[in-house]
Structure formats: C-alpha cells, structure tokens
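As stored in query19.txt (compact mmCIF, N, CA and C atoms and all ligand atoms):
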```txt
# COMPACT_ATOMS: atom_id res chain seq x y z
N MET D 1 6.85 -14.38 -19.96
CA MET D 1 6.42 -13.11 -19.42
C MET D 1 7.50 -12.06 -19.63
N LYS D 2 7.13 -10.92 -20.16
CA LYS D 2 8.14 -9.90 -20.37
C LYS D 2 8.40 -9.13 -19.08
N ASN D 3 9.60 -8.64 -18.98
CA ASN D 3 10.03 -7.96 -17.76
C ASN D 3 9.93 -6.45 -17.83
N TYR D 4 9.06 -5.94 -18.69
CA TYR D 4 8.94 -4.49 -18.77
C TYR D 4 7.55 -4.07 -19.26
N ASN D 5 7.22 -2.85 -19.00
CA ASN D 5 6.03 -2.21 -19.56
C ASN D 5 6.47 -0.86 -20.09
N ILE D 6 5.99 -0.50 -21.24
CA ILE D 6 6.36 0.80 -21.80
C ILE D 6 5.11 1.45 -22.41
N ILE D 7 4.95 2.73 -22.18
CA ILE D 7 3.85 3.47 -22.80
C ILE D 7 4.43 4.75 -23.37
N HIS D 8 3.69 5.35 -24.27
CA HIS D 8 4.09 6.65 -24.79
C HIS D 8 2.98 7.64 -24.44
N LEU D 9 3.35 8.76 -23.87
CA LEU D 9 2.37 9.76 -23.47
C LEU D 9 2.24 10.80 -24.56
N ASN D 10 1.09 10.86 -25.20
CA ASN D 10 0.86 11.86 -26.24
C ASN D 10 0.38 13.16 -25.62
N ASP D 11 0.86 14.25 -26.12
CA ASP D 11 0.40 15.57 -25.69
C ASP D 11 0.39 15.71 -24.17
N ILE D 12 1.52 15.39 -23.59
CA ILE D 12 1.60 15.40 -22.12
C ILE D 12 1.24 16.76 -21.53
N ASN D 13 1.51 17.81 -22.27
CA ASN D 13 1.21 19.16 -21.75
C ASN D 13 -0.27 19.49 -21.75
N LYS D 14 -1.07 18.67 -22.44
CA LYS D 14 -2.51 18.95 -22.48
C LYS D 14 -3.28 18.12 -21.45
N LEU D 15 -2.59 17.21 -20.78
CA LEU D 15 -3.28 16.33 -19.84
C LEU D 15 -3.24 16.93 -18.44
N LYS D 16 -4.33 16.80 -17.71
CA LYS D 16 -4.40 17.34 -16.36
C LYS D 16 -3.70 16.42 -15.36
N ARG D 17 -3.94 15.13 -15.50
CA ARG D 17 -3.35 14.19 -14.55
C ARG D 17 -3.29 12.80 -15.19
N ILE D 18 -2.12 12.18 -15.06
CA ILE D 18 -1.96 10.81 -15.54
C ILE D 18 -1.45 9.99 -14.36
N GLU D 19 -2.09 8.86 -14.08
CA GLU D 19 -1.61 7.94 -13.05
C GLU D 19 -1.01 6.73 -13.75
N LEU D 20 0.24 6.43 -13.42
CA LEU D 20 0.96 5.38 -14.15
C LEU D 20 0.83 3.99 -13.52
N HIS D 21 0.27 3.91 -12.32
CA HIS D 21 0.18 2.63 -11.61
C HIS D 21 -0.43 1.53 -12.47
N ASP D 22 -1.59 1.78 -13.03
CA ASP D 22 -2.26 0.76 -13.84
C ASP D 22 -1.61 0.61 -15.21
N GLN D 23 -1.25 1.72 -15.82
CA GLN D 23 -0.70 1.66 -17.18
C GLN D 23 0.63 0.92 -17.24
N LEU D 24 1.42 1.00 -16.17
CA LEU D 24 2.73 0.35 -16.17
C LEU D 24 2.79 -0.85 -15.23
N ASN D 25 1.67 -1.18 -14.60
CA ASN D 25 1.64 -2.29 -13.66
C ASN D 25 2.66 -2.10 -12.53
N LEU D 26 2.71 -0.89 -11.97
CA LEU D 26 3.66 -0.59 -10.90
C LEU D 26 3.30 -1.38 -9.65
N THR D 27 4.30 -1.90 -8.95
CA THR D 27 4.04 -2.70 -7.75
C THR D 27 4.65 -2.08 -6.48
N SER D 28 5.46 -1.05 -6.63
CA SER D 28 6.10 -0.49 -5.44
C SER D 28 5.81 0.99 -5.23
N SER D 29 5.14 1.59 -6.20
CA SER D 29 4.89 3.02 -6.08
C SER D 29 3.76 3.42 -7.03
N GLU D 30 3.19 4.60 -6.78
CA GLU D 30 2.32 5.24 -7.75
C GLU D 30 3.06 6.47 -8.22
N ILE D 31 3.06 6.68 -9.52
CA ILE D 31 3.70 7.86 -10.09
C ILE D 31 2.64 8.58 -10.91
N SER D 32 2.44 9.85 -10.60
CA SER D 32 1.48 10.62 -11.38
C SER D 32 2.16 11.83 -11.98
N ILE D 33 1.65 12.23 -13.15
CA ILE D 33 2.13 13.44 -13.82
C ILE D 33 0.95 14.40 -13.80
N ASN D 34 1.17 15.59 -13.26
CA ASN D 34 0.06 16.49 -12.96
C ASN D 34 0.27 17.86 -13.55
N GLN D 35 -0.83 18.49 -13.92
CA GLN D 35 -0.76 19.87 -14.40
C GLN D 35 -1.88 20.66 -13.75
N ILE D 36 -1.55 21.81 -13.18
CA ILE D 36 -2.54 22.71 -12.59
C ILE D 36 -2.49 24.00 -13.39
N ASN D 37 -3.64 24.42 -13.89
CA ASN D 37 -3.69 25.66 -14.69
C ASN D 37 -3.41 26.89 -13.83
N ALA D 38 -2.95 27.95 -14.46
CA ALA D 38 -2.64 29.20 -13.76
C ALA D 38 -3.82 29.61 -12.88
N GLY D 39 -3.52 29.94 -11.64
CA GLY D 39 -4.53 30.42 -10.71
C GLY D 39 -5.39 29.34 -10.08
N GLU D 40 -5.22 28.09 -10.52
CA GLU D 40 -6.03 27.01 -9.95
C GLU D 40 -5.26 26.26 -8.87
N SER D 41 -5.99 25.43 -8.13
CA SER D 41 -5.43 24.73 -6.98
C SER D 41 -6.01 23.33 -6.89
N LEU D 42 -5.31 22.44 -6.24
CA LEU D 42 -5.95 21.19 -5.85
C LEU D 42 -7.11 21.61 -4.94
N PRO D 43 -8.28 21.00 -5.07
CA PRO D 43 -9.46 21.48 -4.34
C PRO D 43 -9.56 20.95 -2.90
N PHE D 44 -8.45 20.43 -2.37
CA PHE D 44 -8.51 19.84 -1.02
C PHE D 44 -7.10 19.82 -0.42
N VAL D 45 -7.07 19.63 0.90
CA VAL D 45 -5.81 19.36 1.62
C VAL D 45 -5.85 17.88 1.97
N HIS D 46 -4.73 17.18 1.79
CA HIS D 46 -4.74 15.75 2.13
C HIS D 46 -3.43 15.32 2.77
N SER D 47 -3.51 14.18 3.44
CA SER D 47 -2.33 13.50 3.96
C SER D 47 -2.45 12.05 3.50
N HIS D 48 -1.54 11.21 3.94
CA HIS D 48 -1.61 9.79 3.57
C HIS D 48 -1.53 8.92 4.80
N LYS D 49 -2.02 7.69 4.67
CA LYS D 49 -1.95 6.74 5.79
C LYS D 49 -0.54 6.19 5.94
N GLN D 50 0.11 5.80 4.83
CA GLN D 50 1.44 5.20 4.94
C GLN D 50 2.42 5.59 3.84
N ASN D 51 1.98 6.34 2.85
CA ASN D 51 2.88 6.67 1.75
C ASN D 51 3.50 8.05 1.88
N GLU D 52 4.82 8.13 1.66
CA GLU D 52 5.45 9.43 1.50
C GLU D 52 5.31 9.82 0.03
N GLU D 53 5.46 11.13 -0.24
CA GLU D 53 5.38 11.58 -1.62
C GLU D 53 6.61 12.42 -1.96
N ILE D 54 7.14 12.21 -3.15
CA ILE D 54 8.26 12.98 -3.66
C ILE D 54 7.75 13.73 -4.89
N TYR D 55 7.92 15.03 -4.88
CA TYR D 55 7.44 15.89 -5.97
C TYR D 55 8.61 16.47 -6.74
N PHE D 56 8.53 16.45 -8.06
CA PHE D 56 9.50 17.09 -8.96
C PHE D 56 8.72 18.14 -9.74
N ILE D 57 9.04 19.39 -9.54
CA ILE D 57 8.36 20.45 -10.30
C ILE D 57 9.03 20.55 -11.67
N LEU D 58 8.25 20.28 -12.71
CA LEU D 58 8.79 20.27 -14.08
C LEU D 58 8.76 21.66 -14.71
N ASN D 59 7.70 22.40 -14.43
CA ASN D 59 7.52 23.72 -15.05
C ASN D 59 6.63 24.59 -14.19
N GLY D 60 6.86 25.89 -14.25
CA GLY D 60 5.96 26.84 -13.62
C GLY D 60 6.34 27.20 -12.21
N GLU D 61 5.43 27.94 -11.59
CA GLU D 61 5.60 28.38 -10.21
C GLU D 61 4.29 28.24 -9.47
N GLY D 62 4.38 28.16 -8.15
CA GLY D 62 3.16 28.05 -7.37
C GLY D 62 3.46 28.06 -5.89
N LEU D 63 2.50 27.58 -5.13
CA LEU D 63 2.63 27.53 -3.68
C LEU D 63 2.35 26.13 -3.18
N LEU D 64 3.17 25.70 -2.25
CA LEU D 64 2.91 24.45 -1.52
C LEU D 64 2.38 24.82 -0.15
N TYR D 65 1.19 24.31 0.21
CA TYR D 65 0.70 24.42 1.57
C TYR D 65 1.12 23.14 2.28
N ILE D 66 1.84 23.29 3.40
CA ILE D 66 2.24 22.10 4.14
C ILE D 66 2.18 22.39 5.64
N ASP D 67 1.27 21.74 6.32
CA ASP D 67 1.12 21.87 7.78
C ASP D 67 1.00 23.33 8.22
N GLY D 68 0.24 24.13 7.50
CA GLY D 68 0.01 25.51 7.90
C GLY D 68 0.97 26.51 7.28
N GLU D 69 2.09 26.04 6.71
CA GLU D 69 3.04 26.92 6.02
C GLU D 69 2.68 27.02 4.55
N GLU D 70 3.03 28.15 3.93
CA GLU D 70 2.87 28.29 2.48
C GLU D 70 4.23 28.63 1.90
N ILE D 71 4.74 27.76 1.04
CA ILE D 71 6.10 27.85 0.53
C ILE D 71 6.06 28.01 -0.99
N ILE D 72 6.84 28.97 -1.49
CA ILE D 72 6.93 29.16 -2.95
C ILE D 72 7.66 27.97 -3.56
N ILE D 73 7.07 27.40 -4.62
CA ILE D 73 7.72 26.30 -5.35
C ILE D 73 7.84 26.70 -6.81
N LYS D 74 8.88 26.18 -7.47
CA LYS D 74 9.10 26.53 -8.88
C LYS D 74 9.85 25.42 -9.60
N LYS D 75 9.91 25.56 -10.92
CA LYS D 75 10.60 24.60 -11.79
C LYS D 75 11.93 24.17 -11.16
N ASP D 76 12.17 22.88 -11.22
CA ASP D 76 13.39 22.23 -10.73
C ASP D 76 13.42 22.03 -9.21
N ASP D 77 12.42 22.46 -8.47
CA ASP D 77 12.35 22.11 -7.06
C ASP D 77 11.96 20.64 -6.92
N VAL D 78 12.54 19.98 -5.93
CA VAL D 78 12.21 18.59 -5.62
C VAL D 78 11.98 18.52 -4.13
N PHE D 79 10.88 17.94 -3.69
CA PHE D 79 10.66 17.84 -2.26
C PHE D 79 9.92 16.56 -1.88
N ARG D 80 10.13 16.16 -0.63
CA ARG D 80 9.52 14.96 -0.07
C ARG D 80 8.60 15.37 1.06
N ILE D 81 7.45 14.72 1.16
CA ILE D 81 6.51 15.00 2.24
C ILE D 81 6.19 13.69 2.96
N SER D 82 6.31 13.71 4.28
CA SER D 82 5.98 12.53 5.09
C SER D 82 4.50 12.23 4.96
N PRO D 83 4.10 10.98 5.19
CA PRO D 83 2.68 10.62 5.04
C PRO D 83 1.74 11.56 5.79
N GLN D 84 2.09 11.92 7.02
CA GLN D 84 1.15 12.69 7.85
C GLN D 84 1.11 14.17 7.52
N GLY D 85 1.97 14.66 6.63
CA GLY D 85 1.97 16.08 6.26
C GLY D 85 0.67 16.46 5.56
N ALA D 86 0.02 17.52 6.05
CA ALA D 86 -1.23 18.00 5.42
C ALA D 86 -0.86 18.97 4.32
N ARG D 87 -1.15 18.61 3.08
CA ARG D 87 -0.60 19.33 1.92
C ARG D 87 -1.64 19.70 0.89
N SER D 88 -1.34 20.76 0.15
CA SER D 88 -2.08 21.13 -1.04
C SER D 88 -1.15 21.94 -1.93
N ILE D 89 -1.50 22.07 -3.19
CA ILE D 89 -0.65 22.78 -4.15
C ILE D 89 -1.51 23.71 -4.99
N LYS D 90 -0.98 24.91 -5.25
CA LYS D 90 -1.67 25.90 -6.08
C LYS D 90 -0.70 26.42 -7.13
N ALA D 91 -1.20 26.63 -8.34
CA ALA D 91 -0.38 27.27 -9.38
C ALA D 91 -0.43 28.78 -9.18
N ASP D 92 0.67 29.45 -9.52
CA ASP D 92 0.71 30.90 -9.49
C ASP D 92 -0.38 31.46 -10.41
N ASP D 93 -0.85 32.67 -10.12
CA ASP D 93 -1.89 33.28 -10.96
C ASP D 93 -1.43 33.47 -12.40
N ASN D 94 -0.13 33.61 -12.61
CA ASN D 94 0.40 33.87 -13.96
C ASN D 94 1.14 32.69 -14.58
N SER D 95 1.06 31.53 -13.95
CA SER D 95 1.85 30.41 -14.45
C SER D 95 1.19 29.09 -14.11
N SER D 96 1.04 28.23 -15.10
CA SER D 96 0.57 26.89 -14.77
C SER D 96 1.72 26.15 -14.09
N LEU D 97 1.41 25.04 -13.47
CA LEU D 97 2.40 24.29 -12.71
C LEU D 97 2.30 22.84 -13.13
N SER D 98 3.42 22.24 -13.52
CA SER D 98 3.38 20.81 -13.81
C SER D 98 4.42 20.10 -12.95
N TYR D 99 4.07 18.90 -12.53
CA TYR D 99 4.96 18.16 -11.64
C TYR D 99 4.71 16.66 -11.71
N ILE D 100 5.74 15.92 -11.32
CA ILE D 100 5.63 14.48 -11.16
C ILE D 100 5.55 14.21 -9.67
N CYS D 101 4.66 13.33 -9.25
CA CYS D 101 4.56 12.93 -7.85
C CYS D 101 4.76 11.42 -7.76
N ILE D 102 5.73 11.01 -6.95
CA ILE D 102 5.97 9.59 -6.70
C ILE D 102 5.51 9.29 -5.28
N GLN D 103 4.67 8.28 -5.17
CA GLN D 103 4.08 7.90 -3.88
C GLN D 103 4.56 6.48 -3.56
N ALA D 104 5.23 6.33 -2.42
CA ALA D 104 5.72 5.00 -2.04
C ALA D 104 5.63 4.85 -0.52
N LYS D 105 5.51 3.63 -0.05
CA LYS D 105 5.35 3.38 1.38
C LYS D 105 6.58 3.86 2.15
N ALA D 106 6.36 4.72 3.14
CA ALA D 106 7.46 5.25 3.94
C ALA D 106 8.21 4.12 4.63
N ASN D 107 9.51 4.21 4.68
CA ASN D 107 10.39 3.24 5.34
C ASN D 107 10.35 1.84 4.75
N SER D 108 9.91 1.73 3.49
CA SER D 108 9.85 0.40 2.86
C SER D 108 11.11 0.07 2.06
N LEU D 109 11.93 1.07 1.78
CA LEU D 109 13.10 0.84 0.93
C LEU D 109 14.20 0.15 1.72
N GLU D 110 14.61 -1.03 1.28
CA GLU D 110 15.63 -1.79 2.02
C GLU D 110 17.00 -1.64 1.38
N ASN D 111 17.09 -1.84 0.08
CA ASN D 111 18.36 -1.69 -0.64
C ASN D 111 18.11 -0.93 -1.92
N PHE D 112 19.13 -0.28 -2.41
CA PHE D 112 19.00 0.46 -3.66
C PHE D 112 20.37 0.61 -4.31
N THR D 113 20.37 0.97 -5.58
CA THR D 113 21.58 1.20 -6.38
C THR D 113 22.55 0.02 -6.23
N LEU D 114 23.76 0.23 -5.75
CA LEU D 114 24.75 -0.84 -5.75
C LEU D 114 24.39 -2.00 -4.84
N LYS D 115 23.66 -1.74 -3.78
CA LYS D 115 23.30 -2.84 -2.87
C LYS D 115 22.19 -3.71 -3.43
N ASP D 116 21.39 -3.17 -4.35
CA ASP D 116 20.30 -3.95 -4.94
C ASP D 116 20.64 -4.43 -6.35
N GLY D 117 21.46 -3.68 -7.07
CA GLY D 117 21.78 -4.03 -8.45
C GLY D 117 22.76 -5.19 -8.52
N LYS D 118 22.73 -5.94 -9.64
CA LYS D 118 23.73 -6.98 -9.88
C LYS D 118 24.04 -7.03 -11.37
N LEU D 119 25.28 -7.29 -11.69
CA LEU D 119 25.71 -7.32 -13.08
C LEU D 119 25.25 -8.60 -13.76
N GLU D 120 24.87 -8.50 -15.04
CA GLU D 120 24.44 -9.65 -15.84
C GLU D 120 25.46 -9.91 -16.93
N ASP D 121 25.50 -11.13 -17.43
CA ASP D 121 26.48 -11.49 -18.46
C ASP D 121 26.06 -11.06 -19.86
N CYS D 122 24.78 -10.88 -20.13
CA CYS D 122 24.34 -10.53 -21.48
C CYS D 122 24.72 -9.08 -21.80
N LYS D 123 24.76 -8.76 -23.13
CA LYS D 123 25.16 -7.41 -23.55
C LYS D 123 24.32 -6.94 -24.73
N PRO D 124 23.97 -5.66 -24.77
CA PRO D 124 23.32 -5.10 -25.95
C PRO D 124 24.36 -4.91 -27.05
N SER D 125 23.85 -4.67 -28.27
CA SER D 125 24.76 -4.53 -29.43
C SER D 125 25.81 -3.45 -29.19
N TRP D 126 25.45 -2.39 -28.51
CA TRP D 126 26.40 -1.28 -28.36
C TRP D 126 27.52 -1.57 -27.34
N LEU D 127 27.44 -2.68 -26.64
CA LEU D 127 28.51 -3.04 -25.70
C LEU D 127 29.32 -4.24 -26.18
N GLN D 128 28.95 -4.80 -27.36
CA GLN D 128 29.67 -5.97 -27.89
C GLN D 128 30.76 -5.54 -28.83
N GLN D 129 32.00 -5.76 -28.50
CA GLN D 129 33.14 -5.47 -29.37
C GLN D 129 34.39 -5.99 -28.75
ZN ZN D 201 -1.10 12.42 -2.09
```
Final structure tokens representation of the file:
Amino acid sequence: MKNYNIIHLNDINKLKRIELHDQLNLTSSEISINQINAGESLPFVHSHKQNEEIYFILNGEGLLYIDGEEIIIKKDDVFRISPQGARSIKADDNSSLSYICIQAKANSLENFTLKDGKLEDCKPSWLQQ
C-alpha cells in the first residue's frame, strides 16, 4: 500500500469548487478550493456540528458574514471560524474571490510538528553525500 495520494488540478482558476476529501482519501479533514465570481455569494448561511473551518484567501476581495457582522476580506487573509459560527461569503462586485477552506473536527488535534514528527533513517538522493 502506498503512503500517499497525489493529483494535479488542471485549470484551477476555471473551477468553481473542488473538494479534495475523496480525491486524496483524506481522513482528518476536508479541504476545498473555491471560487466565487464577482458580485456573487454563497447562497446560504451555515454553521457546522463539530468542524472548525480555516480559510485562506488566495485572490480577490469580498465580505465575510459572521454572526451578524460583515467583515472585509482580501487576498492573503487567513481566518478560523468555530463550528457554531453562522457564516457566508460574498465576492466584491468588482473582484472574484478564491480561497482554500480546511474543515477539521474542533479540538481534535493532539500533537503536531515536533511533537508528532519523527526522524527516519532513509534519505532522498539530494541528501546523500
Ligand atoms: Zn462549512
């Protein structure tokens, strides 16, 4: 069994939404890549039962609706929303908005980086000398 999944996304800027859970066999999170055309909006407000969401704005400008507030969002903004946050996103009238959304169970992370990683003895060609 191989320990990885890899896909190549063609014409990523032309796709409205890609969900990577099935394509990469994700087991700890859902990651989606989303594009909203200028002046358009997600057609609903939603929250989650147990997953928090982390958003990375890749391009454009727009508005985040969160619990009654409307906040300007733009390229390079990164934000986290608790499961119970009532949210929606709209692209600016003059700019499409693209973003990555990572969805993972709130409070499920136990260890990460140095506490979870461990060094292996094998080496790729570029480290052998
Ligand atoms: Zn969501």
### Task
Mind checking which residues fall within 6.5 Å of range 32-40 of chain D, counting only N, CA and C atoms, ignoring those fewer than 5 positions away in the same chain, and posting them as a list in words?
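Within the cut-off, the hits are Leu15, Lys16, Arg17, Ile18, Glu19, Leu20, Ile89, Lys90, Ala91, Asp92, Asp93, Asn94, Ser95, Ser96, Leu97, Ser98, Tyr99, Ile100, Cys101, Ile102 and Gln103 of chain D.
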### Query
Which chains and residue numbers are within 8 Å of ligand ZN 201 (chain D), counting all atoms listed in the file, if I want them as a PyMOL selection string?
chain D and resi 46-48+51-53+87+102-103
### Shell of 8 Å around range 6-10 of chain D, only N, CA and C atoms, local chain residues under 6 positions omitted, as an MDAnalysis selection string
chainID D and resid 23:25
### strand (DSSP E) call set, DSSP backbone run, range 29-72 of chain D, as a PyMOL selection string
chain D and resi 30-36+51-66+69-72
### Task
Please provide as a list in words all residues within 5 Å of Arg80 in chain D, with the sequence filter that same-chain residues fewer than 2 positions apart are discarded (counting only N, CA and C atoms).
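Near neighbours after the sequence-gap exclusion: Glu53, Ile54, Tyr55, Val78 and Ser82 of chain D.
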Would you mind exporting N, CA and C atoms of the selected residues as an mmCIF file, in the coordinates of the input?
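Full text of result_38.cif as output:
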```cif
data_model
loop_
_atom_site.group_PDB
_atom_site.id
_atom_site.type_symbol
_atom_site.label_atom_id
_atom_site.label_comp_id
_atom_site.auth_asym_id
_atom_site.auth_seq_id
_atom_site.Cartn_x
_atom_site.Cartn_y
_atom_site.Cartn_z
ATOM 1 N N GLU D 53 5.460 11.130 -0.240
ATOM 2 C CA GLU D 53 5.380 11.580 -1.620
ATOM 3 C C GLU D 53 6.610 12.420 -1.960
ATOM 4 N N ILE D 54 7.140 12.210 -3.150
ATOM 5 C CA ILE D 54 8.260 12.980 -3.660
ATOM 6 C C ILE D 54 7.750 13.730 -4.890
ATOM 7 N N TYR D 55 7.920 15.030 -4.880
ATOM 8 C CA TYR D 55 7.440 15.890 -5.970
ATOM 9 C C TYR D 55 8.610 16.470 -6.740
ATOM 10 N N VAL D 78 12.540 19.980 -5.930
ATOM 11 C CA VAL D 78 12.210 18.590 -5.620
ATOM 12 C C VAL D 78 11.980 18.520 -4.130
ATOM 13 N N SER D 82 6.310 13.710 4.280
ATOM 14 C CA SER D 82 5.980 12.530 5.090
ATOM 15 C C SER D 82 4.500 12.230 4.960
#
```
### Query
Nearest to Ala106 in chain D among D:Leu58, D:Ala86, D:Ile12, D:Ile81, with distances taken over only C-alpha atoms: which residue is it?
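Going through D:Leu58, D:Ala86, D:Ile12, D:Ile81 one by one, the smallest distance to Ala106 in chain D is for D:Ile81.
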### Message
Please determine, counting only C-alpha atoms, which residue among D:Asn111, D:Leu63, D:Phe56, D:Pro124 has the shortest atom-to-atom distance to Phe79 in chain D.
### Response
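Closest to Phe79 in chain D, using only C-alpha atoms: D:Phe56.
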I need the residues in chain D that are alpha helix (DSSP H) according to DSSP; give them as a CSV table (one decimal) with N, CA and C atoms, in the frame of the given file.
```
chain,number,residue,atom,x,y,z
D,20,LEU,N,0.2,6.4,-13.4
D,20,LEU,CA,1.0,5.4,-14.2
D,20,LEU,C,0.8,4.0,-13.5
D,21,HIS,N,0.3,3.9,-12.3
D,21,HIS,CA,0.2,2.6,-11.6
D,21,HIS,C,-0.4,1.5,-12.5
D,22,ASP,N,-1.6,1.8,-13.0
D,22,ASP,CA,-2.3,0.8,-13.8
D,22,ASP,C,-1.6,0.6,-15.2
D,23,GLN,N,-1.2,1.7,-15.8
D,23,GLN,CA,-0.7,1.7,-17.2
D,23,GLN,C,0.6,0.9,-17.2
D,24,LEU,N,1.4,1.0,-16.2
D,24,LEU,CA,2.7,0.4,-16.2
D,24,LEU,C,2.8,-0.8,-15.2
```
### Task
Give me, please, the distance in Å between atom N of Leu26 in chain D and atom N of Leu114 in chain D, quoted to one decimal.
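Atom N of Leu114 in chain D lies at a distance of 22.0 Å from atom N of Leu26 in chain D.
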### Query
For the atom pair atom C of Gly85 in chain D and atom N of Phe112 in chain D, what is the interatomic distance in Å to one decimal place?
26.2 Å
### Message
Counting only C-alpha atoms, which residue out of D:Leu109, D:Lys123, D:Gly68, D:Gly117 sits closest to Ser28 in chain D?
### Response
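Closest candidate: D:Leu109.
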